[in-house]
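Pasting run-v4.cif here (mmCIF, C-alpha atoms and all ligand atoms):
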```
data_model
loop_
_atom_site.label_atom_id
_atom_site.label_comp_id
_atom_site.auth_asym_id
_atom_site.auth_seq_id
_atom_site.Cartn_x
_atom_site.Cartn_y
_atom_site.Cartn_z
CA MET H 8 174.52 -91.18 57.72
CA ARG H 9 177.95 -91.72 59.24
CA ARG H 10 178.46 -95.02 61.00
CA ILE H 11 180.25 -94.48 64.29
CA SER H 12 181.45 -96.59 67.21
CA ILE H 13 182.61 -95.46 70.64
CA PHE H 14 185.08 -97.61 72.60
CA GLY H 15 185.03 -96.55 76.26
CA ALA H 16 181.57 -95.01 75.80
CA THR H 17 180.81 -94.95 79.55
CA GLY H 18 183.92 -92.94 80.46
CA SER H 19 184.57 -89.23 80.54
CA ILE H 20 185.61 -88.94 76.87
CA GLY H 21 182.93 -91.43 75.79
CA GLN H 22 180.16 -89.47 77.51
CA ASN H 23 181.38 -86.18 76.03
CA THR H 24 181.36 -87.82 72.59
CA ILE H 25 177.81 -89.07 73.13
CA ASP H 26 176.77 -85.58 74.21
CA LEU H 27 177.88 -84.26 70.80
CA ILE H 28 176.27 -87.14 68.90
CA ARG H 29 172.94 -86.60 70.68
CA ARG H 30 172.83 -82.98 69.49
CA ASP H 31 172.73 -84.16 65.86
CA ARG H 32 171.26 -87.67 66.07
CA ALA H 33 170.02 -87.83 62.49
CA ALA H 34 173.59 -87.51 61.17
CA TYR H 35 174.84 -90.72 62.79
CA LYS H 36 174.18 -94.44 62.88
CA VAL H 37 175.73 -95.79 66.09
CA VAL H 38 177.32 -99.19 65.51
CA ALA H 39 179.03 -100.26 68.76
CA LEU H 40 179.28 -98.83 72.25
CA THR H 41 181.59 -100.41 74.82
CA GLY H 42 182.16 -100.04 78.55
CA ALA H 43 183.33 -102.14 81.48
CA GLY H 44 181.70 -101.84 84.92
CA ASN H 45 179.06 -99.18 84.26
CA ILE H 46 176.39 -101.44 82.77
CA ALA H 47 173.44 -99.13 83.46
CA GLN H 48 175.03 -96.26 81.50
CA LEU H 49 176.15 -98.53 78.67
CA ALA H 50 172.71 -100.06 78.23
CA ALA H 51 170.84 -96.76 78.55
CA ASP H 52 173.00 -95.08 75.88
CA ALA H 53 172.92 -98.12 73.58
CA ILE H 54 169.10 -98.21 73.71
CA ASP H 55 168.72 -94.45 73.41
CA LEU H 56 171.10 -94.20 70.43
CA GLY H 57 169.84 -97.39 68.77
CA ALA H 58 173.29 -99.04 68.75
CA GLU H 59 173.75 -102.35 66.93
CA ILE H 60 175.80 -103.84 69.77
CA ALA H 61 176.83 -103.01 73.34
CA VAL H 62 179.88 -104.72 74.80
CA THR H 63 181.20 -104.80 78.35
CA ALA H 64 184.86 -105.68 78.90
CA ARG H 65 183.76 -107.67 81.93
CA GLN H 66 182.72 -111.24 81.16
CA ASP H 67 181.17 -111.51 84.63
CA ARG H 68 178.72 -108.69 83.81
CA LEU H 69 177.24 -110.19 80.61
CA ASP H 70 174.05 -111.33 82.35
CA ASP H 71 173.59 -107.86 83.85
CA LEU H 72 174.06 -106.29 80.41
CA ARG H 73 171.59 -108.72 78.83
CA ALA H 74 169.05 -107.89 81.51
CA ALA H 75 169.55 -104.16 81.08
CA LEU H 76 169.08 -104.47 77.29
CA ALA H 77 166.05 -106.77 77.51
CA GLY H 78 163.26 -105.78 75.15
CA SER H 79 165.57 -103.76 72.87
CA ASP H 80 167.22 -104.76 69.57
CA VAL H 81 170.72 -104.11 70.89
CA ILE H 82 173.00 -107.17 70.88
CA ALA H 83 174.84 -107.80 74.18
CA ALA H 84 178.41 -109.15 74.32
CA ALA H 85 181.28 -109.32 76.81
CA GLY H 86 185.05 -109.68 77.06
CA ALA H 87 188.12 -108.27 75.33
CA ARG H 88 187.59 -110.55 72.33
CA ALA H 89 184.03 -109.29 71.87
CA ILE H 90 185.32 -105.70 72.00
CA ALA H 91 187.82 -106.47 69.22
CA GLU H 92 185.03 -108.13 67.20
CA ALA H 93 182.82 -105.09 67.65
CA ALA H 94 185.72 -103.00 66.30
CA ALA H 95 185.64 -105.12 63.14
CA ARG H 96 182.06 -103.98 62.39
CA PRO H 97 182.21 -101.52 59.50
CA ALA H 98 182.29 -97.92 60.74
CA ASP H 99 183.36 -94.59 59.23
CA TRP H 100 184.56 -93.01 62.48
CA VAL H 101 185.64 -94.70 65.69
CA MET H 102 186.33 -93.05 69.04
CA SER H 103 189.14 -94.82 70.90
CA ALA H 104 188.51 -93.86 74.54
CA ILE H 105 189.16 -96.97 76.59
CA VAL H 106 191.60 -96.18 79.38
CA GLY H 107 194.96 -97.99 79.38
CA ALA H 108 196.70 -100.47 77.09
CA ALA H 109 193.38 -102.33 76.64
CA GLY H 110 192.53 -99.59 74.12
CA LEU H 111 195.21 -100.65 71.65
CA GLU H 112 193.64 -103.68 69.98
CA PRO H 113 190.20 -102.25 69.18
CA GLY H 114 191.86 -99.21 67.59
CA ILE H 115 194.08 -101.43 65.44
CA VAL H 116 191.13 -103.57 64.36
CA ALA H 117 189.03 -100.50 63.52
CA MET H 118 191.83 -99.12 61.34
CA GLN H 119 192.16 -102.48 59.60
CA GLN H 120 188.59 -101.86 58.40
CA GLY H 121 189.71 -98.44 57.14
CA ALA H 122 187.84 -96.45 59.80
CA THR H 123 189.02 -92.99 60.81
CA LEU H 124 190.38 -93.32 64.35
CA ALA H 125 189.70 -90.49 66.78
CA LEU H 126 192.43 -91.26 69.28
CA ALA H 127 191.91 -90.29 72.91
CA ASN H 128 193.63 -93.47 74.13
CA LYS H 129 197.16 -92.05 74.27
CA GLU H 130 198.43 -95.43 75.48
CA SER H 131 198.03 -96.77 71.90
CA LEU H 132 200.76 -94.51 70.53
CA VAL H 133 202.90 -94.80 73.66
CA THR H 134 202.90 -98.59 73.74
CA ALA H 135 202.94 -99.32 70.02
CA GLY H 136 203.50 -96.19 67.95
CA ASP H 137 205.25 -97.98 65.08
CA LEU H 138 202.56 -100.63 64.86
CA VAL H 139 199.72 -98.11 64.95
CA HIS H 140 201.29 -96.08 62.14
CA ARG H 141 202.02 -99.18 60.09
CA VAL H 142 198.40 -100.36 60.31
CA ALA H 143 197.05 -96.90 59.51
CA HIS H 144 199.31 -96.67 56.47
CA ALA H 145 198.53 -100.17 55.21
CA HIS H 146 194.76 -99.62 55.41
CA GLY H 147 194.60 -95.95 54.48
CA ALA H 148 193.10 -95.12 57.87
CA GLN H 149 193.37 -91.60 59.23
CA ILE H 150 194.24 -90.97 62.89
CA LEU H 151 192.95 -87.76 64.43
CA PRO H 152 194.22 -86.68 67.86
CA VAL H 153 191.71 -86.15 70.66
CA ASP H 154 194.11 -85.48 73.51
CA SER H 155 193.66 -81.72 73.87
CA GLU H 156 197.36 -80.84 73.49
CA HIS H 157 197.76 -82.96 70.36
CA SER H 158 194.54 -81.68 68.85
CA ALA H 159 195.93 -78.19 69.51
CA VAL H 160 199.25 -78.98 67.81
CA PHE H 161 197.41 -80.62 64.89
CA GLN H 162 195.30 -77.48 64.47
CA ALA H 163 198.33 -75.17 64.71
CA LEU H 164 200.01 -77.21 61.96
CA ILE H 165 197.18 -77.01 59.42
CA GLY H 166 198.68 -75.71 56.18
CA GLU H 167 202.21 -75.71 57.62
CA ASP H 168 205.33 -77.55 56.51
CA MET H 169 206.74 -79.87 59.22
CA ALA H 170 210.24 -78.97 58.02
CA ALA H 171 209.64 -75.43 59.31
CA VAL H 172 208.82 -76.60 62.84
CA GLU H 173 211.46 -75.89 65.47
CA ARG H 174 209.71 -77.02 68.60
CA ILE H 175 206.41 -78.20 70.00
CA THR H 176 205.36 -77.05 73.46
CA ILE H 177 202.61 -78.84 75.32
CA THR H 178 201.21 -77.36 78.49
CA ALA H 179 200.35 -78.96 81.81
CA SER H 180 198.08 -77.62 84.53
CA GLY H 181 200.45 -78.91 87.20
CA GLY H 182 197.70 -81.08 88.66
CA ALA H 183 196.26 -81.30 92.14
CA PHE H 184 199.55 -80.72 94.00
CA ARG H 185 201.12 -77.94 91.97
CA ASP H 186 201.12 -75.61 94.98
CA TRP H 187 201.89 -78.19 97.67
CA PRO H 188 205.24 -78.29 99.47
CA ILE H 189 207.15 -81.16 97.82
CA ALA H 190 207.61 -82.88 101.21
CA ASP H 191 203.83 -83.23 101.56
CA MET H 192 203.45 -84.90 98.15
CA ALA H 193 204.97 -88.12 99.47
CA LYS H 194 201.97 -88.43 101.80
CA ALA H 195 199.30 -87.46 99.27
CA THR H 196 196.29 -89.81 99.08
CA PRO H 197 194.59 -91.13 95.91
CA GLU H 198 191.49 -89.12 96.82
CA GLN H 199 193.53 -85.91 96.95
CA ALA H 200 195.32 -86.73 93.69
CA ALA H 201 192.04 -87.43 91.89
CA THR H 202 190.84 -83.83 92.15
CA HIS H 203 191.82 -81.79 89.11
CA PRO H 204 192.00 -78.00 89.33
CA ASN H 205 190.69 -77.40 85.77
CA TRP H 206 189.57 -80.49 83.88
CA ASP H 207 186.83 -82.98 84.64
CA MET H 208 188.30 -86.34 83.58
CA GLY H 209 188.44 -90.02 84.57
CA GLN H 210 190.08 -90.94 87.89
CA ARG H 211 193.23 -92.50 86.38
CA ILE H 212 194.17 -89.64 84.06
CA THR H 213 193.44 -87.14 86.84
CA ILE H 214 195.94 -88.86 89.16
CA ASP H 215 198.37 -89.08 86.23
CA SER H 216 198.00 -85.31 85.86
CA ALA H 217 199.03 -84.75 89.48
CA SER H 218 202.15 -86.91 89.01
CA MET H 219 202.73 -85.68 85.43
CA PHE H 220 202.79 -89.25 84.22
CA ASN H 221 200.04 -87.99 81.95
CA LYS H 222 202.37 -85.35 80.53
CA ALA H 223 205.16 -87.93 80.18
CA LEU H 224 202.77 -90.09 78.12
CA GLU H 225 201.89 -87.01 76.08
CA VAL H 226 205.55 -86.18 75.36
CA ILE H 227 205.91 -89.67 73.88
CA GLU H 228 202.58 -89.25 72.09
CA THR H 229 203.86 -85.95 70.60
CA LYS H 230 206.93 -87.64 69.21
CA GLU H 231 204.83 -90.49 67.78
CA PHE H 232 202.15 -88.25 66.34
CA PHE H 233 204.22 -85.50 64.78
CA GLY H 234 207.56 -87.23 64.21
CA VAL H 235 209.68 -84.51 65.84
CA ALA H 236 212.93 -85.22 67.69
CA PRO H 237 212.72 -85.63 71.49
CA GLN H 238 214.73 -82.44 72.08
CA GLN H 239 212.19 -80.45 70.05
CA ILE H 240 209.48 -81.22 72.61
CA GLU H 241 208.97 -78.97 75.62
CA VAL H 242 206.54 -78.98 78.56
CA LEU H 243 205.40 -75.82 80.31
CA VAL H 244 203.27 -75.55 83.43
CA HIS H 245 200.31 -73.33 82.60
CA PRO H 246 197.91 -73.29 85.56
CA GLU H 247 195.01 -71.71 83.61
CA SER H 248 194.80 -74.65 81.11
CA LEU H 249 193.69 -72.32 78.30
CA VAL H 250 196.69 -72.49 75.97
CA HIS H 251 196.85 -76.21 75.19
CA ALA H 252 199.95 -76.24 72.98
CA LEU H 253 202.23 -74.02 70.95
CA VAL H 254 204.17 -74.73 67.79
CA GLY H 255 207.39 -72.77 67.27
CA PHE H 256 208.55 -72.21 63.68
CA LYS H 257 211.92 -71.46 62.11
CA ASP H 258 211.06 -67.79 61.67
CA GLY H 259 210.47 -67.34 65.39
CA ALA H 260 206.67 -67.40 65.21
CA LEU H 261 204.78 -69.27 67.91
CA MET H 262 201.29 -70.50 66.99
CA ALA H 263 199.30 -71.07 70.16
CA HIS H 264 195.99 -72.88 70.43
CA VAL H 265 193.76 -71.22 73.03
CA GLY H 266 190.47 -72.71 74.14
CA PRO H 267 188.31 -73.58 77.13
CA PRO H 268 189.20 -76.69 79.16
CA ASP H 269 186.33 -78.69 77.65
CA MET H 270 187.14 -81.95 75.86
CA ARG H 271 184.15 -81.48 73.58
CA HIS H 272 186.29 -79.05 71.59
CA ALA H 273 188.95 -81.64 70.68
CA ILE H 274 186.36 -84.42 70.29
CA GLY H 275 184.17 -82.21 68.09
CA PHE H 276 187.18 -81.14 66.00
CA ALA H 277 187.98 -84.82 65.33
CA LEU H 278 184.31 -85.61 64.68
CA HIS H 279 183.83 -82.89 62.07
CA HIS H 280 187.32 -82.80 60.55
CA PRO H 281 188.13 -81.39 58.02
CA ASP H 282 185.18 -79.05 58.62
CA ARG H 283 184.73 -76.82 61.62
CA LYS H 284 181.20 -76.85 62.98
CA HIS H 285 179.50 -75.08 65.86
CA LEU H 286 180.41 -76.67 69.19
CA PRO H 287 178.66 -76.10 72.53
CA VAL H 288 181.79 -74.93 74.37
CA GLU H 289 182.40 -71.72 76.29
CA ARG H 290 183.71 -68.75 74.29
CA LEU H 291 186.70 -67.32 76.15
CA ASN H 292 186.62 -63.72 77.25
CA LEU H 293 190.33 -62.88 77.29
CA ALA H 294 189.81 -59.38 78.70
CA HIS H 295 188.05 -60.99 81.61
CA ILE H 296 190.73 -63.66 82.03
CA GLY H 297 193.36 -60.91 82.01
CA GLN H 298 196.56 -62.92 82.20
CA LEU H 299 198.05 -66.26 81.25
CA THR H 300 201.04 -67.63 83.13
CA PHE H 301 203.71 -70.17 82.21
CA LYS H 302 206.65 -71.70 84.02
CA ALA H 303 209.10 -74.56 83.57
CA PRO H 304 208.14 -77.74 85.47
CA ASN H 305 210.18 -78.44 88.60
CA PRO H 306 211.84 -81.86 88.05
CA GLU H 307 211.85 -82.53 91.80
CA ARG H 308 208.10 -82.11 91.97
CA TYR H 309 207.48 -84.18 88.84
CA PRO H 310 210.07 -87.00 88.67
CA ALA H 311 207.87 -88.90 86.19
CA LEU H 312 208.25 -86.30 83.47
CA ARG H 313 211.96 -86.87 82.82
CA LEU H 314 211.29 -90.56 82.19
CA ALA H 315 209.54 -89.69 78.92
CA TRP H 316 212.84 -88.62 77.38
CA ASP H 317 214.51 -91.79 78.72
CA VAL H 318 211.82 -93.81 76.95
CA LEU H 319 212.36 -91.92 73.70
CA GLU H 320 216.11 -92.46 73.93
CA ILE H 321 215.74 -96.22 74.53
CA GLY H 322 213.09 -96.53 71.80
CA GLY H 323 211.44 -99.76 70.62
CA MET H 324 209.39 -101.42 73.34
CA ALA H 325 210.40 -98.88 76.02
CA GLY H 326 207.06 -97.07 75.71
CA CYS H 327 205.17 -100.31 76.23
CA ILE H 328 207.23 -101.13 79.34
CA PHE H 329 206.86 -97.59 80.66
CA ASN H 330 203.10 -97.62 80.25
CA ALA H 331 202.64 -101.12 81.70
CA ALA H 332 204.73 -100.25 84.78
CA LYS H 333 202.89 -96.95 85.11
CA GLU H 334 199.50 -98.70 85.06
CA LYS H 335 200.67 -101.12 87.77
CA ALA H 336 202.19 -98.36 89.90
CA LEU H 337 198.95 -96.39 89.58
CA ASP H 338 196.90 -99.43 90.66
CA ALA H 339 199.18 -99.82 93.68
CA PHE H 340 198.88 -96.13 94.60
CA ILE H 341 195.06 -96.25 94.26
CA ASP H 342 195.05 -99.34 96.53
CA HIS H 343 197.23 -97.50 99.10
CA ARG H 344 200.05 -100.03 98.57
CA ILE H 345 202.66 -97.42 97.61
CA GLY H 346 203.03 -93.67 98.09
CA PHE H 347 202.46 -90.98 95.47
CA LEU H 348 206.15 -90.34 94.77
CA ASP H 349 206.93 -94.08 94.73
CA MET H 350 205.12 -94.42 91.39
CA ALA H 351 207.96 -92.79 89.43
CA ALA H 352 210.56 -94.91 91.26
CA VAL H 353 208.70 -98.14 90.38
CA VAL H 354 208.43 -97.18 86.72
CA GLU H 355 212.06 -96.11 86.51
CA GLU H 356 213.24 -99.36 88.08
CA THR H 357 211.10 -101.46 85.70
CA LEU H 358 212.43 -99.50 82.73
CA THR H 359 216.03 -99.97 83.91
CA VAL H 360 215.58 -103.73 84.28
CA PHE H 361 214.29 -104.17 80.74
CA SER H 362 216.37 -101.56 78.93
CA ALA H 363 219.43 -103.84 79.20
CA ASP H 364 217.60 -106.53 77.18
CA SER H 365 218.19 -105.34 73.64
CA CYS H 366 216.41 -108.38 72.11
CA LEU H 367 213.22 -107.48 73.93
CA ILE H 368 213.55 -103.72 73.38
CA ASN H 369 214.18 -104.09 69.66
CA ALA H 370 211.75 -106.94 68.96
CA GLU H 371 209.58 -106.55 65.88
CA MET H 372 206.42 -104.71 66.93
CA THR H 373 203.28 -106.78 66.43
CA LEU H 374 200.16 -106.91 68.57
CA ASP H 375 201.45 -110.20 70.01
CA THR H 376 204.93 -108.96 70.89
CA VAL H 377 203.52 -105.78 72.38
CA GLN H 378 201.03 -107.71 74.49
CA GLN H 379 203.77 -110.14 75.62
CA THR H 380 206.08 -107.29 76.59
CA ASP H 381 203.23 -105.54 78.36
CA HIS H 382 202.57 -108.73 80.34
CA LEU H 383 206.26 -109.17 81.31
CA ALA H 384 206.59 -105.54 82.36
CA ARG H 385 203.43 -105.72 84.50
CA LYS H 386 204.74 -108.84 86.22
CA ARG H 387 208.09 -107.23 86.94
CA ALA H 388 206.51 -103.99 88.15
CA ASP H 389 204.33 -106.01 90.53
CA GLU H 390 207.46 -107.67 91.97
CA ILE H 391 209.17 -104.30 92.38
CA ILE H 392 206.08 -102.94 94.13
CA ALA H 393 205.92 -105.96 96.46
CA ASN H 394 209.62 -105.57 97.32
CA ARG H 395 209.22 -101.88 98.10
CA LYS H 396 206.41 -102.63 100.50
CA GLY H 397 208.39 -105.38 102.22
P1 LIG P 401 187.45 -93.08 82.12
O1 LIG P 401 188.09 -93.81 83.23
O2 LIG P 401 186.48 -92.00 82.43
O3 LIG P 401 186.73 -94.11 81.12
C1 LIG P 401 187.40 -95.25 80.68
C2 LIG P 401 186.52 -96.09 79.78
O4 LIG P 401 187.16 -97.34 79.51
C3 LIG P 401 185.17 -96.44 80.40
O5 LIG P 401 184.23 -96.63 79.38
C4 LIG P 401 185.48 -97.78 81.09
O6 LIG P 401 184.31 -98.54 81.36
C5 LIG P 401 186.35 -98.42 80.02
N1 LIG P 401 187.27 -99.43 80.52
C6 LIG P 401 187.94 -99.46 81.69
N2 LIG P 401 188.74 -100.54 81.76
C7 LIG P 401 188.56 -101.22 80.59
C8 LIG P 401 189.12 -102.42 80.05
N3 LIG P 401 190.02 -103.15 80.71
N4 LIG P 401 188.72 -102.81 78.81
C9 LIG P 401 187.81 -102.10 78.11
N5 LIG P 401 187.25 -100.96 78.58
C10 LIG P 401 187.64 -100.51 79.80
O7 LIG P 401 188.64 -92.51 81.23
P2 LIG P 401 188.72 -91.18 80.37
O8 LIG P 401 187.50 -91.04 79.52
O9 LIG P 401 189.15 -90.07 81.24
O10 LIG P 401 189.96 -91.51 79.43
C11 LIG P 401 189.89 -92.41 78.34
C12 LIG P 401 191.17 -92.32 77.54
O11 LIG P 401 191.25 -91.00 76.99
C13 LIG P 401 192.44 -92.51 78.36
O12 LIG P 401 193.40 -93.13 77.55
C14 LIG P 401 192.87 -91.10 78.69
O13 LIG P 401 194.25 -90.99 78.90
C15 LIG P 401 192.45 -90.38 77.42
N6 LIG P 401 192.19 -88.96 77.59
C16 LIG P 401 191.19 -88.54 78.45
C17 LIG P 401 190.95 -87.19 78.63
C18 LIG P 401 189.83 -86.72 79.48
O14 LIG P 401 189.52 -85.53 79.49
N7 LIG P 401 189.14 -87.55 80.22
C19 LIG P 401 191.77 -86.17 77.95
C20 LIG P 401 192.73 -86.71 77.04
C21 LIG P 401 192.94 -88.06 76.88
P3 LIG P 401 183.43 -98.35 82.73
O15 LIG P 401 183.45 -96.89 83.05
O16 LIG P 401 182.06 -98.83 82.28
O17 LIG P 401 184.04 -99.20 83.78
MG MG P 402 196.03 -84.11 77.42
#
```
What does the file become when written as C-alpha cells?
Ligand code: NDP
Ligand code: MG
Amino acid sequence: MRRISIFGATGSIGQNTIDLIRRDRAAYKVVALTGAGNIAQLAADAIDLGAEIAVTARQDRLDDLRAALAGSDVIAAAGARAIAEAAARPADWVMSAIVGAAGLEPGIVAMQQGATLALANKESLVTAGDLVHRVAHAHGAQILPVDSEHSAVFQALIGEDMAAVERITITASGGAFRDWPIADMAKATPEQAATHPNWDMGQRITIDSASMFNKALEVIETKEFFGVAPQQIEVLVHPESLVHALVGFKDGALMAHVGPPDMRHAIGFALHHPDRKHLPVERLNLAHIGQLTFKAPNPERYPALRLAWDVLEIGGMAGCIFNAAKEKALDAFIDHRIGFLDMAAVVEETLTVFSADSCLINAEMTLDTVQQTDHLARKRADEIIANRKG
C-alpha cells in the first residue's frame, strides 16, 4: 500500500485528489490530510479515508476539529508548525496543494523524508526554486508537476533531450475578462473575476487567471521546472483550454498536449507516474470541437504577465518578493481596497523597491531567508496599497 498525504486536502486540487484516491481505496494508506477553515470537510474526509492525522492551519479551529473527529482514531492538530510536523510523517507520495507561500515548508519537509512531491503549489518554485531543487537533490526526492501546463510539458518531454528544446509554450484561457473592453477591467469586481470560463478552481487562482498573475507565476515555474532560458518561454491565449502546452524542438516539431480541462488528469498522471492508468476524465471528440484558436496576449490587458520576465531577469529572491506582493495585492482586491488593474501596479512597485537591494536579492536561499524576505515584501506591499488608497 502506498502511504500518501494531501496538504490542502479541502481545496479544489485536494478534493480532486481525494476523488481519485477514493476510486482505488485499497491501494493507499492515507497519512495526513490538512486544511484551514473547512473543518467539516477535513474531518469527514479524514474519517472516511482512515487518515492518521488531520491538521487545520487555523489554531483557533482546533476545538472544532477535535469535536468533528470525536469517536474516530484520527489525531487532530492545528497551526503551521503542526502542518510541517505532519509533513515529516513518512509517506511515499505527497500532494502539495495548499494555496500561497504557506505551501512551501510542508513540501520541503516532505522531500526531506524522501517523499515524491506532486507539486500543485506553484508558489513553492516561484518563491524558492533553488531551495526546492537543492532539497530534492539532497534527499533523492522526485518532484512531479501538477499544474496542468507543466504536467503537459513534462509529458511532451518524455524520452526527449532537453538540449533539443527550442521553446516552451504554455497556454492561458484569458480568464473572466478576456472579451471585456480594457476600460471596463479597471472597475471589475472580485465576484466577476472569480468566475472562470473553463476551469473550476479555487477563488484565488481563478482571480489570478483573470489578471494573468497565474500565468506570470507559471512562466517562472516553467523556468524553474525545466531550466530553460526566459526568452525560450512563450504564452499564448487559447480560449478553449484544451491544448495545455507545446514544446518546440530544434527540428521544427511542436509536441502539443491536448486534454480536457479537468485537473484529475494532471493529478492522476502524477499519482500513477511512471505508469499511465485509466482516469475518469472526458475523452475529447476533436471532430465535434472543430477548431482550436490561439493568439498572443495583449500586454495592455494583462500588465501582470510582463512582470514574470522582470522577475527572471532580477533572479534570486525576486520571485519571493513578486509572489508575496501578489498575495497582498490579491487580498486587497478581494477586500475591495484596490481595483483589479491596481494589482499589477502594486506588485511592480514592490519589486522595484527591493530590486535595488542586491544584498537582499542575492541572499543565500534558505527557508529562513525566504520567509524573512516574504515577510518584508508583504509589509512593503501593504504600505504601497495603503498609500494608493490614500
Ligand atoms: P483552494 O483555495 O481551493 O484550496 C486551498 C487549500 O489550502 C485548502 O485546503 C485551504 O483550506 C488551504 N489553505 C488556505 N490557506 C492556508 C494556509 N495559510 N495554510 C495552510 N493551508 C491553507 O486552492 P486550489 O486547490 O485551487 O489551489 C491550490 C494550489 O494549487 C495553489 O497553489 C494553486 O495555484 C495550485 N493550482 C490549482 C489549480 C486548480 O485547478 N485549482 C490548477 C493548478 C495549480 P480551507 O479550504 O479548509 O480553508
Ligand atoms: Mg495552470
_Proximity to ligand MG 402 (chain P) - best of H:Glu130, H:Asp137, H:Glu167, H:Glu356, all atoms listed in the file_ =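 With all atoms listed in the file as the atom set, the closest residue is H:Glu130.
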_Give me the residues near Thr213 in chain H as a ChimeraX atom specification, where near means some atom within 8 Å (using only C-alpha atoms) and where sequence neighbours in that chain fewer than 6 positions away do not count._
/H:182,200-203
How would the residues just picked look written out with C-alpha atoms as a short mmCIF file (atom, residue, chain, number, x, y, z; two decimals), keeping the file's coordinate frame?
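Output (result.cif):
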```
data_model
loop_
_atom_site.label_atom_id
_atom_site.label_comp_id
_atom_site.auth_asym_id
_atom_site.auth_seq_id
_atom_site.Cartn_x
_atom_site.Cartn_y
_atom_site.Cartn_z
CA GLY H 182 197.70 -81.08 88.66
CA ALA H 200 195.32 -86.73 93.69
CA ALA H 201 192.04 -87.43 91.89
CA THR H 202 190.84 -83.83 92.15
CA HIS H 203 191.82 -81.79 89.11
#
```
Taking only residues of chain H that have an atom at most 6 Å from an atom of ligand MG 402 (chain P), what is each one's shortest atom pair and its distance in Å to one decimal, using all atoms listed in the file, in chain and number order, as a tab-separated table?
```
residue	atom	partner	partner_atom	distance
H:Asp154	CA	P:MG402	MG	4.6
H:Ser155	CA	P:MG402	MG	4.9
H:Glu156	CA	P:MG402	MG	5.3
```
*Between H:Ala332, H:Val133, H:Leu312, H:Val250, single out the one closest to ligand LIG 401 (chain P), counting all atoms listed in the file.*
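Ranked by minimum distance to ligand LIG 401 (chain P), first place goes to H:Val133.
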*For ligand LIG 401 (chain P), list the contacting residues at 7 Å or closer, counting all atoms listed in the file, as a PyMOL selection string.*
chain H and resi 14-21+41-46+49+64+87+104-107+109-110+127-130+153-155+206-212+270
*Pick the closest to Ile227 in chain H from H:His146, H:Lys257, H:Arg283, H:Arg313: which is it, counting only C-alpha atoms?*
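Using only C-alpha atoms, Ile227 in chain H sits closest to H:Arg313.
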*Check the smallest atom-to-atom distance from each of H:His264, H:Ala223, H:Glu231, H:Val37 to Ala351 in chain H using only C-alpha atoms, then report the winner.*
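Going through H:His264, H:Ala223, H:Glu231, H:Val37 one by one, the smallest distance to Ala351 in chain H is for H:Ala223.
Residues in contact with Val81 in chain H at up to 7 Å, not including ones fewer than 3 positions away on its chain and judged by all atoms listed in the file, are Ala53, Ile54, Ala58, Glu59, Ile60, Ala61 and Leu76 of chain H.
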Go ahead and save the picked residues with C-alpha atoms, as an mmCIF file, keeping the file's coordinate frame.
```cif
data_model
loop_
_atom_site.group_PDB
_atom_site.id
_atom_site.type_symbol
_atom_site.label_atom_id
_atom_site.label_comp_id
_atom_site.auth_asym_id
_atom_site.auth_seq_id
_atom_site.Cartn_x
_atom_site.Cartn_y
_atom_site.Cartn_z
ATOM 1 C CA ALA H 53 172.920 -98.120 73.580
ATOM 2 C CA ILE H 54 169.100 -98.210 73.710
ATOM 3 C CA ALA H 58 173.290 -99.040 68.750
ATOM 4 C CA GLU H 59 173.750 -102.350 66.930
ATOM 5 C CA ILE H 60 175.800 -103.840 69.770
ATOM 6 C CA ALA H 61 176.830 -103.010 73.340
ATOM 7 C CA LEU H 76 169.080 -104.470 77.290
#
```
*Do a neighbour search on Ala179 in chain H at 12 Å with all atoms listed in the file, toss out local chain neighbours closer than 4 positions, and write the hits as a PyMOL selection string.*
chain H and resi 155-156+183+185+203-206+213+215-226+241-252+268+300-305+309+312
*Just how far from CA of His144 in chain H is CA of Ala263 in chain H, in Å to one decimal?*
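Between CA of Ala263 in chain H and CA of His144 in chain H the gap is 29.0 Å.
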*Hey, what's within 12 Å of Val38 in chain H if we count all atoms listed in the file and toss same-chain stuff fewer than 5 positions away? As a ChimeraX atom specification, please?*
/H:8-14,16,52-54,56-62,81-82,92-102,117
*asked:* So, with only C-alpha atoms as the atoms that count, which of H:Arg387, H:Lys333, H:Arg290, H:Lys230 lies closest to Val354 in chain H?
replied: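 Looking only at the distances to Val354 in chain H, the closest residue turns out to be H:Lys333.
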*Considering all atoms listed in the file, state which residue in the set H:Ala108, H:Thr123, H:Gly297, H:Ala277 is at the smallest distance from Lys335 in chain H.*
H:Ala108
_Could you tell me how far CA of His140 in chain H sits from CA of Phe233 in chain H, in Å to one decimal place?_
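Going from CA of Phe233 in chain H over to CA of His140 in chain H, I get 11.3 Å.
Coordinates place CA of Glu320 in chain H at a distance of 11.6 Å from CA of Ile368 in chain H.
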What lies within 12 Å of Asp375 in chain H using all atoms listed in the file, ignoring chain neighbours under 6 positions off, as a PDB file with C-alpha atoms, in the frame of the given file?
```pdb
ATOM      1  CA  LEU H 111     195.210-100.650  71.650  1.00  0.00           C
ATOM      2  CA  GLU H 112     193.640-103.680  69.980  1.00  0.00           C
ATOM      3  CA  ALA H 135     202.940 -99.320  70.020  1.00  0.00           C
ATOM      4  CA  LEU H 138     202.560-100.630  64.860  1.00  0.00           C
ATOM      5  CA  ASP H 381     203.230-105.540  78.360  1.00  0.00           C
ATOM      6  CA  HIS H 382     202.570-108.730  80.340  1.00  0.00           C
TER       7      HIS H 382
END
```
*May I have the protein, DNA and RNA residues with an atom at most 12 Å from (208.0, -93.0, 94.5), counting only C-alpha atoms in the file's coordinates, returned as a ChimeraX atom specification?*
/H:192-195,218,307-311,333,336-337,339-340,344-356,391-392,395-396
